[in-house]
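> Below you'll find protein-v8.pdb; it's PDB, C-alpha atoms and all ligand atoms.
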MODEL        1
ATOM      1  CA  MET D 346      14.599  -8.847 -25.154  1.00  0.00           C
ATOM      2  CA  SER D 347      12.895  -8.644 -21.755  1.00  0.00           C
ATOM      3  CA  ALA D 348      11.830  -5.280 -20.332  1.00  0.00           C
ATOM      4  CA  ALA D 349      13.521  -3.925 -17.182  1.00  0.00           C
ATOM      5  CA  ARG D 350      11.625  -5.096 -14.136  1.00  0.00           C
ATOM      6  CA  GLY D 351       8.976  -2.649 -12.949  1.00  0.00           C
ATOM      7  CA  ARG D 352       9.146  -1.097  -9.517  1.00  0.00           C
ATOM      8  CA  PHE D 353       6.767  -1.903  -6.711  1.00  0.00           C
ATOM      9  CA  ILE D 354       5.402   0.903  -4.522  1.00  0.00           C
ATOM     10  CA  THR D 355       2.997   0.268  -1.655  1.00  0.00           C
ATOM     11  CA  LEU D 356       0.906   2.759   0.303  1.00  0.00           C
ATOM     12  CA  GLU D 357       0.150   1.970   3.916  1.00  0.00           C
ATOM     13  CA  GLY D 358      -1.452   3.621   6.923  1.00  0.00           C
ATOM     14  CA  GLY D 359      -4.584   3.662   9.044  1.00  0.00           C
ATOM     15  CA  GLU D 360      -8.176   4.277   7.990  1.00  0.00           C
ATOM     16  CA  GLY D 361      -8.942   7.538   6.179  1.00  0.00           C
ATOM     17  CA  THR D 362      -5.325   8.467   5.509  1.00  0.00           C
ATOM     18  CA  GLY D 363      -6.103   8.956   1.799  1.00  0.00           C
ATOM     19  CA  LYS D 364      -4.210   5.929   0.453  1.00  0.00           C
ATOM     20  CA  SER D 365      -6.628   5.158  -2.380  1.00  0.00           C
ATOM     21  CA  THR D 366      -6.752   8.749  -3.623  1.00  0.00           C
ATOM     22  CA  GLN D 367      -2.976   9.059  -3.412  1.00  0.00           C
ATOM     23  CA  ALA D 368      -2.417   5.690  -5.112  1.00  0.00           C
ATOM     24  CA  ARG D 369      -4.443   6.985  -8.079  1.00  0.00           C
ATOM     25  CA  ARG D 370      -2.608  10.311  -8.082  1.00  0.00           C
ATOM     26  CA  LEU D 371       0.789   8.616  -7.949  1.00  0.00           C
ATOM     27  CA  ALA D 372      -0.107   6.190 -10.739  1.00  0.00           C
ATOM     28  CA  ALA D 373      -1.261   9.108 -12.907  1.00  0.00           C
ATOM     29  CA  ALA D 374       1.934  11.070 -12.188  1.00  0.00           C
ATOM     30  CA  LEU D 375       4.094   8.085 -13.141  1.00  0.00           C
ATOM     31  CA  GLU D 376       2.074   7.444 -16.305  1.00  0.00           C
ATOM     32  CA  ALA D 377       2.446  11.095 -17.288  1.00  0.00           C
ATOM     33  CA  ARG D 378       6.205  10.537 -17.153  1.00  0.00           C
ATOM     34  CA  GLY D 379       6.059   7.612 -19.522  1.00  0.00           C
ATOM     35  CA  TYR D 380       5.862   4.608 -17.201  1.00  0.00           C
ATOM     36  CA  ALA D 381       3.383   1.760 -17.570  1.00  0.00           C
ATOM     37  CA  VAL D 382       1.592   1.484 -14.220  1.00  0.00           C
ATOM     38  CA  ALA D 383      -0.832  -1.023 -12.672  1.00  0.00           C
ATOM     39  CA  ILE D 384      -2.827   0.246  -9.727  1.00  0.00           C
ATOM     40  CA  THR D 385      -4.201  -2.289  -7.300  1.00  0.00           C
ATOM     41  CA  ARG D 386      -5.228  -2.867  -3.671  1.00  0.00           C
ATOM     42  CA  GLU D 387      -5.291  -5.336  -0.817  1.00  0.00           C
ATOM     43  CA  PRO D 388      -7.134  -7.269   0.301  1.00  0.00           C
ATOM     44  CA  GLY D 389      -8.166  -7.796  -3.309  1.00  0.00           C
ATOM     45  CA  GLY D 390      -6.650  -6.935  -6.660  1.00  0.00           C
ATOM     46  CA  SER D 391      -7.420 -10.273  -8.339  1.00  0.00           C
ATOM     47  CA  VAL D 392     -10.647 -12.236  -8.793  1.00  0.00           C
ATOM     48  CA  GLY D 393      -9.871 -14.735  -6.031  1.00  0.00           C
ATOM     49  CA  ALA D 394      -8.561 -12.081  -3.637  1.00  0.00           C
ATOM     50  CA  GLU D 395     -11.575  -9.804  -4.161  1.00  0.00           C
ATOM     51  CA  ALA D 396     -13.841 -12.735  -3.209  1.00  0.00           C
ATOM     52  CA  LEU D 397     -11.807 -13.213  -0.013  1.00  0.00           C
ATOM     53  CA  ARG D 398     -12.003  -9.450   0.638  1.00  0.00           C
ATOM     54  CA  GLN D 399     -15.783  -9.736   0.952  1.00  0.00           C
ATOM     55  CA  VAL D 400     -15.436 -12.558   3.480  1.00  0.00           C
ATOM     56  CA  ILE D 401     -12.810 -10.775   5.587  1.00  0.00           C
ATOM     57  CA  LEU D 402     -14.254  -7.248   5.632  1.00  0.00           C
ATOM     58  CA  SER D 403     -17.807  -8.436   6.306  1.00  0.00           C
ATOM     59  CA  GLY D 404     -16.452  -9.669   9.646  1.00  0.00           C
ATOM     60  CA  ALA D 405     -17.514 -13.252   8.844  1.00  0.00           C
ATOM     61  CA  ALA D 406     -14.072 -14.564   9.849  1.00  0.00           C
ATOM     62  CA  LYS D 407     -13.648 -12.422  12.983  1.00  0.00           C
ATOM     63  CA  ASP D 408     -14.939 -15.129  15.337  1.00  0.00           C
ATOM     64  CA  PHE D 409     -12.277 -17.560  14.095  1.00  0.00           C
ATOM     65  CA  GLY D 410      -9.590 -15.235  15.497  1.00  0.00           C
ATOM     66  CA  PRO D 411      -6.604 -13.305  14.128  1.00  0.00           C
ATOM     67  CA  ALA D 412      -4.702 -16.414  12.964  1.00  0.00           C
ATOM     68  CA  ALA D 413      -7.578 -17.453  10.685  1.00  0.00           C
ATOM     69  CA  GLU D 414      -7.879 -13.880   9.390  1.00  0.00           C
ATOM     70  CA  ALA D 415      -4.125 -13.808   8.731  1.00  0.00           C
ATOM     71  CA  LEU D 416      -4.434 -17.032   6.718  1.00  0.00           C
ATOM     72  CA  LEU D 417      -7.210 -15.493   4.628  1.00  0.00           C
ATOM     73  CA  PHE D 418      -5.172 -12.333   4.007  1.00  0.00           C
ATOM     74  CA  ALA D 419      -2.195 -14.531   3.031  1.00  0.00           C
ATOM     75  CA  ALA D 420      -4.326 -16.628   0.654  1.00  0.00           C
ATOM     76  CA  ALA D 421      -5.669 -13.467  -0.967  1.00  0.00           C
ATOM     77  CA  ARG D 422      -2.141 -12.052  -1.228  1.00  0.00           C
ATOM     78  CA  ALA D 423      -0.700 -15.192  -2.807  1.00  0.00           C
ATOM     79  CA  ASP D 424      -3.337 -15.068  -5.552  1.00  0.00           C
ATOM     80  CA  HIS D 425      -2.842 -11.335  -6.051  1.00  0.00           C
ATOM     81  CA  VAL D 426       0.959 -11.649  -6.303  1.00  0.00           C
ATOM     82  CA  ASP D 427       0.800 -14.641  -8.661  1.00  0.00           C
ATOM     83  CA  SER D 428      -1.895 -13.376 -10.976  1.00  0.00           C
ATOM     84  CA  LEU D 429      -1.271  -9.645 -11.060  1.00  0.00           C
ATOM     85  CA  ILE D 430       1.722  -8.144  -9.236  1.00  0.00           C
ATOM     86  CA  ARG D 431       4.506 -10.459 -10.316  1.00  0.00           C
ATOM     87  CA  PRO D 432       3.505 -10.697 -13.993  1.00  0.00           C
ATOM     88  CA  ALA D 433       3.197  -6.894 -14.137  1.00  0.00           C
ATOM     89  CA  LEU D 434       6.646  -6.315 -12.586  1.00  0.00           C
ATOM     90  CA  ASP D 435       8.192  -8.940 -14.864  1.00  0.00           C
ATOM     91  CA  ALA D 436       6.701  -7.157 -17.876  1.00  0.00           C
ATOM     92  CA  GLY D 437       8.297  -3.862 -16.821  1.00  0.00           C
ATOM     93  CA  THR D 438       5.099  -2.345 -15.433  1.00  0.00           C
ATOM     94  CA  TRP D 439       5.283  -0.393 -12.196  1.00  0.00           C
ATOM     95  CA  VAL D 440       2.812  -1.520  -9.548  1.00  0.00           C
ATOM     96  CA  VAL D 441       1.190   0.887  -7.079  1.00  0.00           C
ATOM     97  CA  CYS D 442      -0.627  -1.055  -4.357  1.00  0.00           C
ATOM     98  CA  ASP D 443      -2.994   0.296  -1.702  1.00  0.00           C
ATOM     99  CA  ARG D 444      -1.935  -1.804   1.356  1.00  0.00           C
ATOM    100  CA  PHE D 445       0.314  -4.868   1.355  1.00  0.00           C
ATOM    101  CA  ILE D 446       2.452  -6.870   3.816  1.00  0.00           C
ATOM    102  CA  ASP D 447       2.778  -4.064   6.363  1.00  0.00           C
ATOM    103  CA  SER D 448      -0.985  -4.054   6.944  1.00  0.00           C
ATOM    104  CA  THR D 449      -0.748  -7.699   8.013  1.00  0.00           C
ATOM    105  CA  ARG D 450       2.212  -6.949  10.254  1.00  0.00           C
ATOM    106  CA  VAL D 451       0.280  -4.125  11.916  1.00  0.00           C
ATOM    107  CA  TYR D 452      -3.339  -5.366  12.059  1.00  0.00           C
ATOM    108  CA  GLN D 453      -2.800  -9.103  12.564  1.00  0.00           C
ATOM    109  CA  GLY D 454       0.667  -8.874  14.151  1.00  0.00           C
ATOM    110  CA  VAL D 455       0.742  -5.907  16.501  1.00  0.00           C
ATOM    111  CA  LEU D 456      -3.014  -5.484  17.026  1.00  0.00           C
ATOM    112  CA  GLY D 457      -4.004  -9.144  16.666  1.00  0.00           C
ATOM    113  CA  GLY D 458      -1.083 -10.318  18.792  1.00  0.00           C
ATOM    114  CA  LEU D 459       0.088 -12.929  16.302  1.00  0.00           C
ATOM    115  CA  ASP D 460       3.589 -14.267  16.527  1.00  0.00           C
ATOM    116  CA  ALA D 461       6.039 -12.488  14.210  1.00  0.00           C
ATOM    117  CA  ALA D 462       7.574 -15.837  13.154  1.00  0.00           C
ATOM    118  CA  LEU D 463       4.180 -17.082  11.914  1.00  0.00           C
ATOM    119  CA  LEU D 464       3.641 -13.864   9.964  1.00  0.00           C
ATOM    120  CA  ASP D 465       7.154 -14.101   8.485  1.00  0.00           C
ATOM    121  CA  ASP D 466       6.349 -17.612   7.271  1.00  0.00           C
ATOM    122  CA  LEU D 467       3.052 -16.499   5.733  1.00  0.00           C
ATOM    123  CA  GLU D 468       4.816 -13.544   4.110  1.00  0.00           C
ATOM    124  CA  GLN D 469       7.397 -15.892   2.687  1.00  0.00           C
ATOM    125  CA  VAL D 470       4.699 -18.071   1.136  1.00  0.00           C
ATOM    126  CA  ALA D 471       2.491 -15.258  -0.128  1.00  0.00           C
ATOM    127  CA  ALA D 472       4.822 -12.414  -1.008  1.00  0.00           C
ATOM    128  CA  ALA D 473       8.401 -13.626  -1.489  1.00  0.00           C
ATOM    129  CA  ALA D 474       8.043 -13.039  -5.226  1.00  0.00           C
ATOM    130  CA  ALA D 475       7.151  -9.372  -4.798  1.00  0.00           C
ATOM    131  CA  ARG D 476       8.943  -7.284  -2.223  1.00  0.00           C
ATOM    132  CA  PRO D 477       8.069  -3.570  -2.226  1.00  0.00           C
ATOM    133  CA  ASP D 478      10.840  -1.256  -3.449  1.00  0.00           C
ATOM    134  CA  LEU D 479       9.254   1.656  -1.612  1.00  0.00           C
ATOM    135  CA  THR D 480       6.538   1.854   1.041  1.00  0.00           C
ATOM    136  CA  LEU D 481       4.823   5.175   1.708  1.00  0.00           C
ATOM    137  CA  VAL D 482       3.295   5.271   5.183  1.00  0.00           C
ATOM    138  CA  LEU D 483       0.547   7.892   5.159  1.00  0.00           C
ATOM    139  CA  ASP D 484       0.128   9.387   8.585  1.00  0.00           C
ATOM    140  CA  VAL D 485      -2.693  11.379  10.197  1.00  0.00           C
ATOM    141  CA  PRO D 486      -4.006  11.364  13.778  1.00  0.00           C
ATOM    142  CA  PRO D 487      -6.626   8.599  14.116  1.00  0.00           C
ATOM    143  CA  GLN D 488      -9.410  11.098  14.953  1.00  0.00           C
ATOM    144  CA  VAL D 489      -8.843  12.766  11.585  1.00  0.00           C
ATOM    145  CA  GLY D 490      -8.605   9.463   9.714  1.00  0.00           C
ATOM    146  CA  LEU D 491     -11.736   7.975  11.263  1.00  0.00           C
ATOM    147  CA  ALA D 492     -13.731  11.170  10.575  1.00  0.00           C
ATOM    148  CA  ARG D 493     -12.607  11.030   6.929  1.00  0.00           C
ATOM    149  CA  ALA D 494     -13.494   7.327   6.673  1.00  0.00           C
ATOM    150  CA  ALA D 495     -16.926   7.963   8.226  1.00  0.00           C
ATOM    151  CA  ALA D 496     -17.623  10.858   5.818  1.00  0.00           C
ATOM    152  CA  ARG D 497     -16.609   8.681   2.874  1.00  0.00           C
ATOM    153  CA  GLY D 498     -18.846   5.832   4.088  1.00  0.00           C
ATOM    154  CA  GLU D 499     -21.795   8.191   4.460  1.00  0.00           C
ATOM    155  CA  GLU D 500     -21.238   9.584   0.966  1.00  0.00           C
ATOM    156  CA  ARG D 501     -21.272   6.061  -0.481  1.00  0.00           C
ATOM    157  CA  GLY D 502     -23.987   4.713   1.814  1.00  0.00           C
ATOM    158  CA  GLU D 503     -21.586   2.079   3.232  1.00  0.00           C
ATOM    159  CA  GLU D 504     -21.455   0.692   6.770  1.00  0.00           C
ATOM    160  CA  ALA D 505     -18.130   0.769   8.670  1.00  0.00           C
ATOM    161  CA  ASP D 506     -16.226  -2.459   7.884  1.00  0.00           C
ATOM    162  CA  ARG D 507     -14.696  -5.038  10.236  1.00  0.00           C
ATOM    163  CA  PHE D 508     -11.691  -2.853  11.110  1.00  0.00           C
ATOM    164  CA  GLU D 509     -13.191   0.644  10.747  1.00  0.00           C
ATOM    165  CA  SER D 510     -15.695  -0.218  13.460  1.00  0.00           C
ATOM    166  CA  GLU D 511     -12.942  -0.763  16.061  1.00  0.00           C
ATOM    167  CA  GLY D 512     -12.547   2.132  18.566  1.00  0.00           C
ATOM    168  CA  LEU D 513     -10.206   5.108  18.699  1.00  0.00           C
ATOM    169  CA  ALA D 514      -7.684   3.337  20.978  1.00  0.00           C
ATOM    170  CA  PHE D 515      -7.328   0.547  18.375  1.00  0.00           C
ATOM    171  CA  HIS D 516      -6.669   3.071  15.609  1.00  0.00           C
ATOM    172  CA  GLY D 517      -4.170   4.960  17.765  1.00  0.00           C
ATOM    173  CA  LYS D 518      -2.241   1.698  18.125  1.00  0.00           C
ATOM    174  CA  VAL D 519      -2.462   1.112  14.364  1.00  0.00           C
ATOM    175  CA  ARG D 520      -0.869   4.508  13.781  1.00  0.00           C
ATOM    176  CA  ASP D 521       1.916   3.881  16.321  1.00  0.00           C
ATOM    177  CA  ALA D 522       2.605   0.448  14.815  1.00  0.00           C
ATOM    178  CA  PHE D 523       2.946   1.842  11.270  1.00  0.00           C
ATOM    179  CA  LEU D 524       5.309   4.568  12.518  1.00  0.00           C
ATOM    180  CA  ALA D 525       7.418   2.010  14.400  1.00  0.00           C
ATOM    181  CA  LEU D 526       7.583  -0.206  11.342  1.00  0.00           C
ATOM    182  CA  ALA D 527       8.704   2.706   9.139  1.00  0.00           C
ATOM    183  CA  LYS D 528      11.374   3.582  11.677  1.00  0.00           C
ATOM    184  CA  ALA D 529      12.643   0.000  11.708  1.00  0.00           C
ATOM    185  CA  GLU D 530      12.966  -0.114   7.894  1.00  0.00           C
ATOM    186  CA  PRO D 531      13.985   3.403   6.810  1.00  0.00           C
ATOM    187  CA  GLU D 532      15.557   2.186   3.559  1.00  0.00           C
ATOM    188  CA  ARG D 533      12.238   0.889   2.281  1.00  0.00           C
ATOM    189  CA  CYS D 534       9.722   3.090   4.110  1.00  0.00           C
ATOM    190  CA  ALA D 535       8.991   6.816   4.144  1.00  0.00           C
ATOM    191  CA  VAL D 536       6.439   8.486   6.412  1.00  0.00           C
ATOM    192  CA  ILE D 537       4.255  11.026   4.619  1.00  0.00           C
ATOM    193  CA  ASP D 538       2.327  13.700   6.510  1.00  0.00           C
ATOM    194  CA  ALA D 539      -1.148  13.010   5.101  1.00  0.00           C
ATOM    195  CA  ALA D 540      -2.864  16.055   6.654  1.00  0.00           C
ATOM    196  CA  GLY D 541      -3.841  18.808   4.225  1.00  0.00           C
ATOM    197  CA  THR D 542      -5.356  18.799   0.767  1.00  0.00           C
ATOM    198  CA  PRO D 543      -4.921  15.897  -1.689  1.00  0.00           C
ATOM    199  CA  ASP D 544      -2.714  18.205  -3.796  1.00  0.00           C
ATOM    200  CA  GLU D 545      -0.435  18.938  -0.859  1.00  0.00           C
ATOM    201  CA  VAL D 546      -0.118  15.259   0.052  1.00  0.00           C
ATOM    202  CA  ALA D 547       0.455  14.268  -3.595  1.00  0.00           C
ATOM    203  CA  ALA D 548       3.307  16.803  -3.808  1.00  0.00           C
ATOM    204  CA  ARG D 549       4.933  15.382  -0.655  1.00  0.00           C
ATOM    205  CA  ILE D 550       4.642  11.878  -2.076  1.00  0.00           C
ATOM    206  CA  TRP D 551       6.122  12.877  -5.397  1.00  0.00           C
ATOM    207  CA  ASP D 552       9.138  14.468  -3.694  1.00  0.00           C
ATOM    208  CA  VAL D 553       9.874  11.145  -1.961  1.00  0.00           C
ATOM    209  CA  VAL D 554       9.251   9.019  -5.049  1.00  0.00           C
ATOM    210  CA  ALA D 555      11.452  11.241  -7.205  1.00  0.00           C
ATOM    211  CA  ALA D 556      14.250  11.190  -4.636  1.00  0.00           C
ATOM    212  CA  ARG D 557      14.171   7.435  -3.997  1.00  0.00           C
ATOM    213  CA  MET D 558      12.945   5.718  -7.116  1.00  0.00           C
ATOM    214  CA  TRP D 559      14.384   7.585  -9.967  1.00  0.00           C
ATOM    215  CA  ARG D 560      15.319   5.473 -12.910  1.00  0.00           C
ATOM    216  CA  PRO D 561      15.081   6.881 -16.418  1.00  0.00           C
ATOM    217  CA  ALA D 562      12.088   5.790 -18.466  1.00  0.00           C
ATOM    218  CA  PRO D 563      12.605   5.577 -22.247  1.00  0.00           C
ATOM    219  CA  LYS D 564      11.370   9.160 -22.698  1.00  0.00           C
ATOM    220  CA  ARG D 565      13.859  10.467 -20.197  1.00  0.00           C
ATOM    221  CA  GLN D 566      16.770   8.413 -21.482  1.00  0.00           C
ATOM    222  CA  ALA D 567      16.261  10.204 -24.794  1.00  0.00           C
ATOM    223  CA  ALA D 568      16.291  13.555 -22.984  1.00  0.00           C
ATOM    224  CA  LYS D 569      19.517  12.581 -21.240  1.00  0.00           C
ATOM    225  CA  ARG D 570      21.227  11.692 -24.505  1.00  0.00           C
ATOM    226  CA  ARG D 571      20.442  15.175 -25.723  1.00  0.00           C
ATOM    227  CA  GLY D 572      22.182  16.488 -22.633  1.00  0.00           C
ATOM    228  CA  THR D 573      19.062  17.896 -20.978  1.00  0.00           C
ATOM    229  CA  LYS D 574      18.172  17.304 -17.350  1.00  0.00           C
ATOM    230  CA  PRO D 575      15.633  14.485 -16.948  1.00  0.00           C
ATOM    231  CA  ARG D 576      13.375  16.466 -14.564  1.00  0.00           C
TER     232      ARG D 576
HETATM  233  P1  LIG D 601      -9.376  -0.686   3.130  1.00  0.00           P
HETATM  234  O1  LIG D 601      -9.174  -1.324   1.814  1.00  0.00           O
HETATM  235  O2  LIG D 601     -10.603   0.134   3.200  1.00  0.00           O
HETATM  236  O3  LIG D 601      -8.182   0.006   3.642  1.00  0.00           O
HETATM  237  O4  LIG D 601      -9.751  -1.864   4.166  1.00  0.00           O
HETATM  238  C1  LIG D 601      -8.966  -2.934   4.362  1.00  0.00           C
HETATM  239  C2  LIG D 601      -8.990  -3.275   5.833  1.00  0.00           C
HETATM  240  O5  LIG D 601      -8.349  -4.525   5.992  1.00  0.00           O
HETATM  241  C3  LIG D 601      -8.247  -2.276   6.704  1.00  0.00           C
HETATM  242  O6  LIG D 601      -8.981  -1.997   7.868  1.00  0.00           O
HETATM  243  C4  LIG D 601      -6.985  -2.980   7.095  1.00  0.00           C
HETATM  244  C5  LIG D 601      -7.321  -4.445   6.970  1.00  0.00           C
HETATM  245  N1  LIG D 601      -6.201  -5.280   6.545  1.00  0.00           N
HETATM  246  C6  LIG D 601      -5.648  -6.172   7.457  1.00  0.00           C
HETATM  247  O7  LIG D 601      -6.091  -6.242   8.602  1.00  0.00           O
HETATM  248  N2  LIG D 601      -4.605  -6.959   7.049  1.00  0.00           N
HETATM  249  C7  LIG D 601      -4.094  -6.933   5.790  1.00  0.00           C
HETATM  250  O8  LIG D 601      -3.149  -7.660   5.461  1.00  0.00           O
HETATM  251  C8  LIG D 601      -4.685  -5.998   4.841  1.00  0.00           C
HETATM  252  C9  LIG D 601      -4.163  -5.922   3.448  1.00  0.00           C
HETATM  253  C10 LIG D 601      -5.730  -5.204   5.271  1.00  0.00           C
ENDMDL
END
Rewrite the structure from the file as structure tokens, please.

Amino acid sequence: MSAARGRFITLEGGEGTGKSTQARRLAAALEARGYAVAITREPGGSVGAEALRQVILSGAAKDFGPAAEALLFAAARADHVDSLIRPALDAGTWVVCDRFIDSTRVYQGVLGGLDAALLDDLEQVAAAAARPDLTLVLDVPPQVGLARAAARGEERGEEADRFESEGLAFHGKVRDAFLALAKAEPERCAVIDAAGTPDEVAARIWDVVAARMWRPAPKRQAAKRRGTKPR
């Protein structure tokens, strides 16, 4: 008998919004409640896509323009979906992904000025087999996000990457574009205030996940049969 399909949750937002930390926290919270969870990221998440990540974030493809970058992101995504995301969902595993299609729509679409029809086509090729069930858009003012990203880079001894090194105006537009996208797709997206401590943000995220995604895991189905509340 095949397992129920897993659910697919993506985290999106600008630089330094805490997506990676919150992806780990969310995966741990879901695992603690009995779900099998795969945590992953874009660009990357599979061997082929991680190789493309190096090319893209080094800035090596910048001179070829946003269309070429979009093709590289799409190629990375296709490999990631085929080799990791789709098999995991089919096996009943939940997938928590740090960035996905909305990052392309914002960075290559709104900021890069690429035609929405081209991006729709690329999305169809790369991601038709894995549509997010829920997208959490983590939101902080760009000044706060960039300061966090810079502090993190310093801690790790890393240079700012291709997109982090863009100016404040760019990151302000990234924020506005994510908020507009969330507003246009309220069924799928929820905006999370990502200011405050990781604990505070994790609690806000859990409230949204619990409200929107609830489906009993085996543990909870047993609790229900005994007539107890699943939460
Ligand atoms: P991050 O993993 O540190 O968030 O860096 C990934 C960078 O790549 C980030 O600046 C956003 C950018 N990006 C795109 O421009 N398009 C995409 O489709 C994805 C997934 C990321």
> Mind listing as number ranges by chain all residues within 12 Å of (3.9, 9.0, -13.2), counting all atoms listed in the file?
D: 352, 354, 367-384, 438-441, 547, 550-551, 554-555, 558-562
> Taking 3 positions as the minimum chain separation for residues in the same chain, which residues sit within 12 Å of Gly454 in chain D when counting all atoms listed in the file? Answer as a PyMOL selection string.
chain D and resi 411-412+414-415+446-451+457-465+467-468+518-519+522-523+526
> With distances taken over only C-alpha atoms and all ligand atoms, which residue among D:Ala436, D:Ala539, D:Leu429, D:Ala394 lies nearest ligand LIG 601 (chain D)?
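With only C-alpha atoms and all ligand atoms as the atom set, the closest residue is D:Ala394.
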> Go through chain D and flag each residue having an atom no more than 6 Å from ligand LIG 601 (chain D); for those, report the closest pair of atoms plus their distance in Å to one decimal, using only C-alpha atoms and all ligand atoms, ordered by chain and rising number, as JSON lines.

{"residue": "D:Glu387", "atom": "CA", "partner": "D:LIG601", "partner_atom": "C9", "distance": 4.5}
{"residue": "D:Pro388", "atom": "CA", "partner": "D:LIG601", "partner_atom": "C9", "distance": 4.5}
{"residue": "D:Phe418", "atom": "CA", "partner": "D:LIG601", "partner_atom": "O8", "distance": 5.3}
{"residue": "D:Arg444", "atom": "CA", "partner": "D:LIG601", "partner_atom": "C9", "distance": 5.1}
{"residue": "D:Phe445", "atom": "CA", "partner": "D:LIG601", "partner_atom": "C9", "distance": 5.1}
{"residue": "D:Ile446", "atom": "CA", "partner": "D:LIG601", "partner_atom": "O8", "distance": 5.9}
{"residue": "D:Ser448", "atom": "CA", "partner": "D:LIG601", "partner_atom": "C7", "distance": 4.4}
{"residue": "D:Thr449", "atom": "CA", "partner": "D:LIG601", "partner_atom": "O8", "distance": 3.5}
{"residue": "D:Tyr452", "atom": "CA", "partner": "D:LIG601", "partner_atom": "O7", "distance": 4.5}
{"residue": "D:Gln453", "atom": "CA", "partner": "D:LIG601", "partner_atom": "O7", "distance": 5.9}
{"residue": "D:Phe508", "atom": "CA", "partner": "D:LIG601", "partner_atom": "O6", "distance": 4.3}
{"residue": "D:Glu509", "atom": "CA", "partner": "D:LIG601", "partner_atom": "O6", "distance": 5.7}
> Please indicate the distance in Å from CA of Arg497 in chain D to CA of Lys364 in chain D, rounded to one decimal place.
12.9 Å
> Closest to Gly361 in chain D among D:Arg493, D:Glu511, D:Ala548, D:Asp506, using only C-alpha atoms?
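Counting only C-alpha atoms, the residue closest to Gly361 in chain D is D:Arg493.
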> Figure out the distance between CA of Leu456 in chain D and CA of His516 in chain D, please, to one decimal in Å.
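Result for CA of His516 in chain D versus CA of Leu456 in chain D: 9.4 Å, one decimal.
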> Residue by residue, what does the PyMOL selection byres (((chain D and resi 437) around 6) and not hetatm) grab here? Present the result as a PyMOL selection string.
chain D and resi 348-351+434-436+438
> Restrict the selected residues to C-alpha atoms and save them as a CSV table (one decimal), in the coordinates of the input.

chain,number,residue,atom,x,y,z
D,348,ALA,CA,11.8,-5.3,-20.3
D,349,ALA,CA,13.5,-3.9,-17.2
D,350,ARG,CA,11.6,-5.1,-14.1
D,351,GLY,CA,9.0,-2.6,-12.9
D,434,LEU,CA,6.6,-6.3,-12.6
D,435,ASP,CA,8.2,-8.9,-14.9
D,436,ALA,CA,6.7,-7.2,-17.9
D,438,THR,CA,5.1,-2.3,-15.4
> Name the residues in contact with Ala495 in chain D at a cut-off of 12 Å, using all atoms listed in the file, excluding same-chain residues fewer than 5 positions from it; report them as a list of chain:residue names.
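Listed by chain and then number, they are D:Glu360, D:Gly361, D:Thr362, D:Pro487, D:Gln488, D:Val489, D:Gly490, D:Glu500, D:Arg501, D:Gly502, D:Glu503, D:Glu504, D:Ala505, D:Asp506, D:Glu509, D:Ser510.
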> Rounded to one decimal, what separation in Å do you get between CA of Ala529 in chain D and CA of Val546 in chain D?
23.1 Å
> Using all atoms listed in the file, find the one residue out of D:Leu513, D:Ala421, D:Val485, D:Ala496 that sits nearest to Val470 in chain D.
D:Ala421
> Mind giving me the axis-aligned box for range 432-451 of chain D with 6 Å on every side, centre plus edges in Å to one decimal, as lines of an AutoDock Vina configuration file?

center_x = 2.7
center_y = -4.9
center_z = -3.0
size_x = 23.3
size_y = 23.6
size_z = 41.8
> If the PyMOL selection byres (((chain D and resi 481) around 10) and not hetatm) is run on the structure shown, which residues does it catch, given as a list of chain:residue names?
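When the PyMOL selection byres (((chain D and resi 481) around 10) and not hetatm) is applied to the shown file, the picked residues are D:Ile354, D:Thr355, D:Leu356, D:Glu357, D:Gly358, D:Lys364, D:Ala368, D:Asp443, D:Arg444, D:Leu479, D:Thr480, D:Val482, D:Leu483, D:Asp484, D:Ala527, D:Arg533, D:Cys534, D:Ala535, D:Val536, D:Ile537, D:Ile550, D:Val553, D:Val554.
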> Could you list, as a list in words, every residue within 7 Å of His425 in chain D, counting all atoms listed in the file and ignoring same-chain residues fewer than 2 positions away?
Gly389, Gly390, Ser391, Ala394, Ala421, Arg422, Ala423, Asp427, Ser428, Leu429 and Ile430 of chain D
> Let me make sure I understand: among D:Pro486, D:Arg507, D:Ser365, D:Ala433, which one has the smallest atom-to-atom distance to Lys407 in chain D if we use all atoms listed in the file?
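Smallest distance to Lys407 in chain D is found for D:Arg507.
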